[in-house]
file input-v7.pdb (PDB, C-alpha atoms)
ATOM      1  CA  MET I 296    -177.734 105.218  86.756
ATOM      2  CA  ASP I 297    -178.668 105.309  90.413
ATOM      3  CA  ASN I 298    -179.808 101.931  91.665
ATOM      4  CA  ARG I 299    -181.960 103.395  94.441
ATOM      5  CA  ASP I 300    -183.860 105.540  91.972
ATOM      6  CA  GLU I 301    -184.382 102.540  89.715
ATOM      7  CA  VAL I 302    -185.675 100.385  92.589
ATOM      8  CA  ARG I 303    -187.977 103.109  93.865
ATOM      9  CA  GLU I 304    -189.503 103.881  90.477
ATOM     10  CA  PHE I 305    -189.838 100.243  89.443
ATOM     11  CA  LEU I 306    -191.708  99.254  92.602
ATOM     12  CA  ALA I 307    -193.854 102.393  92.530
ATOM     13  CA  THR I 308    -194.924 101.851  88.899
ATOM     14  CA  ARG I 309    -195.737  98.177  89.531
ATOM     15  CA  ARG I 310    -197.803  99.136  92.601
ATOM     16  CA  ALA I 311    -199.624 101.896  90.719
ATOM     17  CA  ARG I 312    -200.931  99.569  88.020
ATOM     18  CA  LEU I 313    -202.480  97.008  90.418
ATOM     19  CA  THR I 314    -205.957  97.694  91.799
ATOM     20  CA  PRO I 315    -207.253  96.306  95.127
ATOM     21  CA  GLU I 316    -209.714  94.155  93.196
ATOM     22  CA  GLN I 317    -206.927  92.634  91.107
ATOM     23  CA  ALA I 318    -204.950  91.936  94.277
ATOM     24  CA  GLY I 319    -207.921  90.275  95.955
ATOM     25  CA  LEU I 320    -208.369  92.986  98.590
ATOM     26  CA  PRO I 321    -211.774  94.290  99.708
ATOM     27  CA  GLN I 322    -212.842  97.642  98.278
ATOM     28  CA  TYR I 323    -214.410  99.810 100.954
ATOM     29  CA  GLY I 324    -215.475 102.630  98.668
ATOM     30  CA  GLY I 325    -214.507 106.257  98.827
ATOM     31  CA  SER I 326    -211.834 108.027  96.821
ATOM     32  CA  ARG I 327    -208.228 106.862  96.783
ATOM     33  CA  ARG I 328    -205.498 109.465  96.659
ATOM     34  CA  VAL I 329    -203.040 107.163  94.904
ATOM     35  CA  PRO I 330    -203.451 105.019  91.782
ATOM     36  CA  GLY I 331    -203.332 101.324  92.412
ATOM     37  CA  LEU I 332    -202.401  99.820  95.758
ATOM     38  CA  ARG I 333    -201.237 101.690  98.825
ATOM     39  CA  ARG I 334    -197.853 100.778 100.297
ATOM     40  CA  ALA I 335    -199.543  99.338 103.382
ATOM     41  CA  GLU I 336    -201.632  97.062 101.166
ATOM     42  CA  VAL I 337    -198.545  95.729  99.405
ATOM     43  CA  ALA I 338    -196.948  95.150 102.808
ATOM     44  CA  LEU I 339    -200.021  93.199 103.920
ATOM     45  CA  LEU I 340    -199.981  91.040 100.800
ATOM     46  CA  ALA I 341    -196.236  90.421 101.098
ATOM     47  CA  GLY I 342    -196.368  89.611 104.816
ATOM     48  CA  VAL I 343    -193.948  92.357 105.875
ATOM     49  CA  SER I 344    -194.435  95.425 108.039
ATOM     50  CA  PRO I 345    -195.513  98.689 106.376
ATOM     51  CA  ASP I 346    -192.321 100.373 107.573
ATOM     52  CA  TYR I 347    -190.202  97.637 106.018
ATOM     53  CA  TYR I 348    -191.978  97.896 102.674
ATOM     54  CA  VAL I 349    -191.612 101.691 102.721
ATOM     55  CA  ARG I 350    -187.873 101.131 103.142
ATOM     56  CA  LEU I 351    -187.868  98.870 100.080
ATOM     57  CA  GLU I 352    -189.819 101.319  97.958
ATOM     58  CA  ARG I 353    -187.451 104.083  98.929
ATOM     59  CA  GLY I 354    -184.874 102.097  97.013
ATOM     60  CA  ASN I 355    -183.064 100.251  99.780
ATOM     61  CA  LEU I 356    -182.704  96.598  98.802
ATOM     62  CA  SER I 357    -179.481  96.093 100.707
ATOM     63  CA  GLY I 358    -179.550  92.801 102.593
ATOM     64  CA  VAL I 359    -183.076  91.853 101.471
ATOM     65  CA  SER I 360    -183.529  88.075 101.337
ATOM     66  CA  ASP I 361    -184.709  86.169  98.281
ATOM     67  CA  SER I 362    -187.806  85.060 100.194
ATOM     68  CA  VAL I 363    -188.838  88.677 100.814
ATOM     69  CA  LEU I 364    -188.209  89.548  97.170
ATOM     70  CA  GLU I 365    -190.406  86.637  96.122
ATOM     71  CA  ALA I 366    -193.134  87.731  98.538
ATOM     72  CA  VAL I 367    -193.072  91.256  97.093
ATOM     73  CA  ALA I 368    -193.103  89.828  93.561
ATOM     74  CA  ARG I 369    -196.210  87.779  94.370
ATOM     75  CA  ALA I 370    -197.905  90.744  96.025
ATOM     76  CA  LEU I 371    -197.306  92.942  92.985
ATOM     77  CA  ARG I 372    -198.203  90.143  90.537
ATOM     78  CA  LEU I 373    -194.879  90.483  88.726
ATOM     79  CA  ASP I 374    -194.361  88.424  85.594
ATOM     80  CA  GLU I 375    -191.230  86.345  84.941
ATOM     81  CA  ALA I 376    -189.253  89.228  83.450
ATOM     82  CA  GLU I 377    -190.230  91.622  86.238
ATOM     83  CA  ARG I 378    -189.392  89.086  88.940
ATOM     84  CA  ALA I 379    -185.960  88.534  87.415
ATOM     85  CA  HIS I 380    -185.507  92.309  87.184
ATOM     86  CA  LEU I 381    -186.304  92.744  90.877
ATOM     87  CA  HIS I 382    -183.673  90.147  91.789
ATOM     88  CA  ASP I 383    -181.182  91.853  89.464
ATOM     89  CA  LEU I 384    -181.830  95.169  91.213
ATOM     90  CA  ALA I 385    -181.213  93.533  94.588
ATOM     91  CA  ARG I 386    -177.960  91.942  93.401
ATOM     92  CA  ALA I 387    -176.758  95.292  92.046
ATOM     93  CA  ALA I 388    -177.690  97.037  95.307
ATOM     94  CA  ASN I 389    -175.698  94.553  97.337
ATOM     95  CA  ALA I 390    -172.715  94.471  94.978
ATOM     96  CA  GLY I 391    -172.239  98.243  94.806
ATOM     97  CA  PRO I 392    -170.293 100.068  92.083
ATOM     98  CA  ARG I 393    -167.533  98.188  90.285
ATOM     99  CA  SER I 394    -164.074  99.164  91.361
ATOM    100  CA  ARG I 395    -162.403  98.260  88.064
ATOM    101  CA  ARG I 396    -163.078  98.716  84.377
ATOM    102  CA  PRO I 397    -164.979  95.744  82.901
ATOM    103  CA  PRO I 398    -163.213  93.744  80.181
ATOM    104  CA  LYS I 399    -163.976  94.688  76.584
ATOM    105  CA  GLN I 400    -166.550  92.372  75.037
ATOM    106  CA  GLN I 401    -165.188  90.379  72.110
ATOM    107  CA  VAL I 402    -166.660  87.827  69.755
ATOM    108  CA  ARG I 403    -164.591  84.642  69.707
ATOM    109  CA  PRO I 404    -163.316  83.193  66.400
ATOM    110  CA  GLY I 405    -165.458  80.103  66.935
ATOM    111  CA  THR I 406    -168.584  82.265  67.085
ATOM    112  CA  LEU I 407    -167.558  84.094  63.911
ATOM    113  CA  HIS I 408    -167.149  80.723  62.159
ATOM    114  CA  LEU I 409    -170.641  79.749  63.334
ATOM    115  CA  LEU I 410    -172.120  82.949  61.927
ATOM    116  CA  HIS I 411    -170.274  82.336  58.657
ATOM    117  CA  ALA I 412    -171.790  78.842  58.440
ATOM    118  CA  MET I 413    -175.363  80.147  58.863
ATOM    119  CA  THR I 414    -175.866  81.052  55.196
ATOM    120  CA  ASP I 415    -179.664  80.662  55.151
ATOM    121  CA  ALA I 416    -180.448  82.544  58.375
ATOM    122  CA  PRO I 417    -179.735  86.164  59.288
ATOM    123  CA  ALA I 418    -177.752  86.020  62.530
ATOM    124  CA  PHE I 419    -175.810  88.428  64.694
ATOM    125  CA  VAL I 420    -174.235  88.746  68.138
ATOM    126  CA  ARG I 421    -175.207  91.676  70.331
ATOM    127  CA  ASN I 422    -174.502  92.874  73.834
ATOM    128  CA  GLY I 423    -176.976  94.150  76.435
ATOM    129  CA  ARG I 424    -176.773  97.705  75.048
ATOM    130  CA  LEU I 425    -177.997  96.339  71.683
ATOM    131  CA  ASP I 426    -174.659  96.931  69.971
ATOM    132  CA  ILE I 427    -174.228  94.475  67.082
ATOM    133  CA  LEU I 428    -170.710  93.135  67.603
ATOM    134  CA  ALA I 429    -170.729  90.652  64.718
ATOM    135  CA  ALA I 430    -173.146  89.745  61.928
ATOM    136  CA  ASN I 431    -173.320  87.435  58.963
ATOM    137  CA  ARG I 432    -173.934  88.650  55.435
ATOM    138  CA  LEU I 433    -177.668  87.943  55.519
ATOM    139  CA  ALA I 434    -178.157  89.869  58.768
ATOM    140  CA  GLU I 435    -176.331  92.868  57.304
ATOM    141  CA  ALA I 436    -178.612  92.677  54.279
ATOM    142  CA  LEU I 437    -181.738  92.431  56.429
ATOM    143  CA  TYR I 438    -180.621  95.436  58.503
ATOM    144  CA  ALA I 439    -179.056  97.223  55.528
ATOM    145  CA  ALA I 440    -180.485 100.584  56.619
ATOM    146  CA  ALA I 441    -178.864 100.270  60.048
ATOM    147  CA  PHE I 442    -175.511  99.216  58.582
ATOM    148  CA  ASP I 443    -175.627 102.019  56.013
ATOM    149  CA  THR I 444    -173.926 104.455  58.383
ATOM    150  CA  PRO I 445    -170.271 104.956  59.309
ATOM    151  CA  ALA I 446    -170.896 104.578  63.047
ATOM    152  CA  ARG I 447    -169.698 101.308  64.543
ATOM    153  CA  PRO I 448    -170.792  99.252  66.269
ATOM    154  CA  VAL I 449    -174.303  99.467  64.857
ATOM    155  CA  ASN I 450    -176.672 100.052  67.770
ATOM    156  CA  LEU I 451    -180.254  98.862  67.319
ATOM    157  CA  ALA I 452    -181.622 101.293  69.902
ATOM    158  CA  ARG I 453    -180.119 104.326  68.159
ATOM    159  CA  PHE I 454    -181.415 102.987  64.850
ATOM    160  CA  CYS I 455    -184.925 102.460  66.211
ATOM    161  CA  PHE I 456    -185.324 105.905  67.759
ATOM    162  CA  LEU I 457    -182.993 108.191  65.836
ATOM    163  CA  ASP I 458    -183.029 106.906  62.248
ATOM    164  CA  PRO I 459    -186.232 107.695  60.288
ATOM    165  CA  ARG I 460    -185.654 104.595  58.160
ATOM    166  CA  ALA I 461    -186.607 102.461  61.167
ATOM    167  CA  ASP I 462    -190.234 103.478  60.616
ATOM    168  CA  ASP I 463    -190.029 101.864  57.185
ATOM    169  CA  LEU I 464    -188.124  98.730  58.223
ATOM    170  CA  TYR I 465    -190.384  97.996  61.207
ATOM    171  CA  PRO I 466    -194.078  97.945  60.175
ATOM    172  CA  ASP I 467    -194.848  97.328  63.877
ATOM    173  CA  TRP I 468    -192.654 100.218  65.021
ATOM    174  CA  ASP I 469    -194.482 100.680  68.336
ATOM    175  CA  GLU I 470    -193.818  97.060  69.267
ATOM    176  CA  ALA I 471    -190.185  97.329  68.194
ATOM    177  CA  ALA I 472    -189.754 100.504  70.238
ATOM    178  CA  ASN I 473    -191.355  98.997  73.339
ATOM    179  CA  THR I 474    -189.183  95.894  73.073
ATOM    180  CA  THR I 475    -186.035  97.962  72.555
ATOM    181  CA  VAL I 476    -186.628 100.075  75.662
ATOM    182  CA  ALA I 477    -187.646  97.072  77.756
ATOM    183  CA  LEU I 478    -184.399  95.286  76.841
ATOM    184  CA  LEU I 479    -182.310  98.324  77.768
ATOM    185  CA  ARG I 480    -184.219  98.704  81.045
ATOM    186  CA  THR I 481    -183.609  95.030  81.797
ATOM    187  CA  GLU I 482    -179.894  95.484  81.146
ATOM    188  CA  ALA I 483    -179.818  98.578  83.369
ATOM    189  CA  GLY I 484    -181.188  96.447  86.206
ATOM    190  CA  ARG I 485    -178.386  93.921  85.754
ATOM    191  CA  ASP I 486    -175.657  96.558  85.699
ATOM    192  CA  PRO I 487    -176.663 100.102  86.707
ATOM    193  CA  TYR I 488    -172.990 101.130  86.726
ATOM    194  CA  ASP I 489    -172.355 100.498  83.020
ATOM    195  CA  LYS I 490    -171.230 103.959  81.873
ATOM    196  CA  ALA I 491    -171.682 103.171  78.184
ATOM    197  CA  LEU I 492    -175.289 102.171  78.853
ATOM    198  CA  THR I 493    -175.862 105.283  80.969
ATOM    199  CA  ASP I 494    -174.487 107.430  78.149
ATOM    200  CA  LEU I 495    -176.686 105.678  75.574
ATOM    201  CA  VAL I 496    -179.836 106.136  77.649
ATOM    202  CA  GLY I 497    -178.977 109.784  78.243
ATOM    203  CA  GLU I 498    -178.445 110.375  74.526
ATOM    204  CA  LEU I 499    -181.716 108.710  73.542
ATOM    205  CA  ALA I 500    -183.700 110.448  76.273
ATOM    206  CA  THR I 501    -182.336 113.815  75.135
ATOM    207  CA  ARG I 502    -182.982 113.271  71.445
ATOM    208  CA  SER I 503    -186.227 111.237  71.403
ATOM    209  CA  ASP I 504    -189.508 112.101  73.121
ATOM    210  CA  ASP I 505    -190.777 108.594  72.349
ATOM    211  CA  PHE I 506    -187.816 106.998  74.090
ATOM    212  CA  ARG I 507    -188.123 109.277  77.117
ATOM    213  CA  THR I 508    -191.816 108.391  77.535
ATOM    214  CA  LEU I 509    -191.237 104.644  77.221
ATOM    215  CA  TRP I 510    -188.207 104.720  79.523
ATOM    216  CA  ALA I 511    -190.295 106.320  82.280
ATOM    217  CA  ALA I 512    -192.699 103.344  82.220
ATOM    218  CA  HIS I 513    -190.007 101.024  83.696
ATOM    219  CA  ASN I 514    -191.178  98.041  81.668
ATOM    220  CA  VAL I 515    -188.863  95.042  81.258
ATOM    221  CA  ARG I 516    -189.040  92.018  79.033
ATOM    222  CA  LEU I 517    -187.521  88.611  78.331
ATOM    223  CA  HIS I 518    -186.928  88.349  74.593
ATOM    224  CA  HIS I 519    -185.852  84.815  73.783
ATOM    225  CA  THR I 520    -188.188  83.739  70.986
ATOM    226  CA  GLY I 521    -190.962  85.127  68.835
ATOM    227  CA  VAL I 522    -191.846  86.585  65.459
ATOM    228  CA  LYS I 523    -190.575  89.818  63.917
ATOM    229  CA  ARG I 524    -191.929  91.604  60.863
ATOM    230  CA  PHE I 525    -189.869  93.634  58.430
ATOM    231  CA  GLN I 526    -190.723  95.798  55.443
ATOM    232  CA  HIS I 527    -187.520  95.476  53.468
ATOM    233  CA  PRO I 528    -186.931  97.799  50.497
ATOM    234  CA  VAL I 529    -185.769  94.890  48.322
ATOM    235  CA  VAL I 530    -187.855  91.867  49.334
ATOM    236  CA  GLY I 531    -190.928  93.621  50.757
ATOM    237  CA  ARG I 532    -192.911  92.419  53.776
ATOM    238  CA  VAL I 533    -191.340  89.424  55.487
ATOM    239  CA  GLU I 534    -192.249  87.690  58.745
ATOM    240  CA  LEU I 535    -189.474  85.747  60.450
ATOM    241  CA  GLY I 536    -189.242  83.664  63.579
ATOM    242  CA  PHE I 537    -186.346  84.449  65.864
ATOM    243  CA  GLU I 538    -184.372  82.814  68.639
ATOM    244  CA  ALA I 539    -182.277  84.981  70.959
ATOM    245  CA  MET I 540    -179.821  82.741  72.783
ATOM    246  CA  PRO I 541    -177.592  83.990  75.615
ATOM    247  CA  MET I 542    -174.033  82.722  75.212
ATOM    248  CA  PRO I 543    -172.867  81.067  78.458
ATOM    249  CA  ALA I 544    -169.216  81.159  77.408
ATOM    250  CA  ASP I 545    -169.471  84.897  76.707
ATOM    251  CA  PRO I 546    -171.476  86.496  79.547
ATOM    252  CA  GLY I 547    -173.469  89.498  78.399
ATOM    253  CA  LEU I 548    -173.592  88.457  74.730
ATOM    254  CA  THR I 549    -176.608  87.087  72.864
ATOM    255  CA  LEU I 550    -176.767  85.278  69.528
ATOM    256  CA  THR I 551    -179.926  86.160  67.600
ATOM    257  CA  ALA I 552    -180.950  84.176  64.521
ATOM    258  CA  TYR I 553    -183.971  84.536  62.232
ATOM    259  CA  SER I 554    -185.549  81.688  60.289
ATOM    260  CA  ALA I 555    -188.424  80.845  57.981
ATOM    261  CA  ALA I 556    -190.304  77.607  57.350
ATOM    262  CA  ALA I 557    -189.217  75.723  54.238
ATOM    263  CA  GLY I 558    -191.366  76.586  51.216
ATOM    264  CA  SER I 559    -192.898  79.640  52.863
ATOM    265  CA  PRO I 560    -192.991  83.130  51.313
ATOM    266  CA  ALA I 561    -190.550  84.206  54.019
ATOM    267  CA  ALA I 562    -188.074  81.515  52.912
ATOM    268  CA  ASP I 563    -188.381  82.779  49.337
ATOM    269  CA  ALA I 564    -187.757  86.304  50.601
ATOM    270  CA  LEU I 565    -184.584  85.203  52.416
ATOM    271  CA  ARG I 566    -183.268  83.538  49.242
ATOM    272  CA  LEU I 567    -183.931  86.735  47.295
ATOM    273  CA  LEU I 568    -182.261  88.758  50.055
ATOM    274  CA  ALA I 569    -179.187  86.498  49.944
ATOM    275  CA  SER I 570    -178.964  86.899  46.175
ATOM    276  CA  TRP I 571    -179.250  90.670  46.474
ATOM    277  CA  ALA I 572    -176.617  90.766  49.198
ATOM    278  CA  ALA I 573    -174.186  88.705  47.110
ATOM    279  CA  SER I 574    -174.658  90.912  44.057
ATOM    280  CA  ASN I 575    -174.110  94.117  46.045
ATOM    281  CA  GLU I 576    -171.098  92.975  48.024
ATOM    282  CA  PRO I 577    -167.552  94.097  47.270
ATOM    283  CA  THR I 578    -165.095  91.409  46.204
ATOM    284  CA  GLY I 579    -163.316  89.870  49.181
ATOM    285  CA  HIS I 580    -166.047  90.793  51.668
ATOM    286  CA  ALA I 581    -166.037  88.610  54.798
ATOM    287  CA  PRO I 582    -169.549  87.105  55.182
ATOM    288  CA  ALA I 583    -169.324  87.206  58.982
ATOM    289  CA  ARG I 584    -166.991  89.614  60.692
ATOM    290  CA  GLU I 585    -166.505  91.212  64.031
ATOM    291  CA  ALA I 586    -167.707  94.807  64.132
ATOM    292  CA  ASP I 587    -165.584  97.608  65.473
ATOM    293  CA  ARG I 588    -166.125  97.977  69.224
ATOM    294  CA  THR I 589    -166.225 100.929  71.514
TER     295      THR I 589
END

call {"tool": "encode", "arguments": {"input": "input-v7.pdb", "output": "structure tokens"}}
result
Amino acid sequence: MDNRDEVREFLATRRARLTPEQAGLPQYGGSRRVPGLRRAEVALLAGVSPDYYVRLERGNLSGVSDSVLEAVARALRLDEAERAHLHDLARAANAGPRSRRPPKQQVRPGTLHLLHAMTDAPAFVRNGRLDILAANRLAEALYAAAFDTPARPVNLARFCFLDPRADDLYPDWDEAANTTVALLRTEAGRDPYDKALTDLVGELATRSDDFRTLWAAHNVRLHHTGVKRFQHPVVGRVELGFEAMPMPADPGLTLTAYSAAAGSPAADALRLLASWAASNEPTGHAPAREADRT
């Protein structure tokens, strides 16, 4: 992934969606040849020269100060996720390509023990590419369709866009697809030189029209907490809260856990799912194990 292209397209799409009225600028009438704000209008709002902003939108964030980035973020009305993404793009532009191979991501034994202990909550550890690196028994049961393939590690983006069973598992497939792409786009901003991520995006863009369209929108998202709905073939419709917690001791990894309120239909569904998982599990199965890694 080329960082300059990413910067250019991100800023251009944010500028295109913002009208002069939304930005608090006077509208003098007449036709506008570009959607949204002009570059000179963004420069005015950010307090920089038009030439300087043109340089930024051409993808050159080298040496740009945090104060200028914040001024541009305010001018473009960026939300929290977009502001963080802009800073990530600037850090990547100033760091340049990595000169050495990054270390292989591994799930520590202590984390595996924690997953094993979470018997009432589906939980898994993933990386920024949405590879599931470790999962407990209940998470494997919840995502049984995704785990029902020989490919490892299970990748939630491939499942969402390339496996027709995702349409059945996710009753809100459009929301799941938008979130999936936004998370990958966010990760690409953090590390545009991740070859495995580049390869994944290229594969999905080649094989899925839906992915290619969503990827071109350059949307990003923070995905720390919320509600997710499933239509599971065994337990039916279930709505679960989730917490996605970055792991400070393991940079780049996130622990995601689902839960249901005590006494709720969702809690009953999780108990039924646990019973089904136990009855369909080979003897000696490890309830939480580290997945094969690439």

call {"tool": "residues_around", "arguments": {"input": "input-v7.pdb", "residues": "Ala335 (chain I)", "least_positions_apart": "5", "cutoff": "10 Å", "atoms": "all atoms listed in the file", "output": "list in words"}}
result
Leu340, Ala341, Val343, Ser344, Pro345, Asp346, Tyr347, Tyr348 and Val349 of chain I

call {"tool": "closest_residue", "arguments": {"input": "input-v7.pdb", "among": "I:Cys455, I:Ala370, I:Val329, I:Ala441", "to": "Gln317 (chain I)", "atoms": "all atoms listed in the file"}}
result
I:Ala370

call {"tool": "resolve_selection", "arguments": {"input": "input-v7.pdb", "expression": "the PyMOL selection byres ((chain I and resi 365) around 12)", "output": "VMD selection string"}}
result
chain I and resid 340 to 343 359 to 364 366 to 375 377 to 382 385

call {"tool": "residues_around", "arguments": {"input": "input-v7.pdb", "residues": "His527 (chain I)", "least_positions_apart": "2", "cutoff": "12 Å", "atoms": "only C-alpha atoms", "output": "NGL selection string"}}
result
:I and (436-441 or 460-466 or 524-525 or 529-534 or 561 or 564-565 or 567-568 or 571)

call {"tool": "atom_distance", "arguments": {"input": "input-v7.pdb", "atom1": "CA of Gly319 (chain I)", "atom2": "CA of Ala376 (chain I)"}}
result
22.5 Å

call {"tool": "atom_distance", "arguments": {"input": "input-v7.pdb", "atom1": "CA of Pro528 (chain I)", "atom2": "CA of Val476 (chain I)"}}
result
25.3 Å

call {"tool": "closest_residue", "arguments": {"input": "input-v7.pdb", "among": "I:Ala387, I:Asn431, I:Gly358, I:Met540", "to": "His411 (chain I)", "atoms": "all atoms listed in the file"}}
result
I:Asn431

call {"tool": "axis_aligned_box", "arguments": {"input": "input-v7.pdb", "around": "region 497-507 of chain I", "padding_each_side": "3 Å", "output": "AutoDock Vina command-line options"}}
result
--center_x -184.6 --center_y 110.4 --center_z 74.8 --size_x 18.3 --size_y 12.8 --size_z 12.8

call {"tool": "atom_distance", "arguments": {"input": "input-v7.pdb", "atom1": "CA of Ala572 (chain I)", "atom2": "CA of Ala434 (chain I)"}}
result
9.7 Å
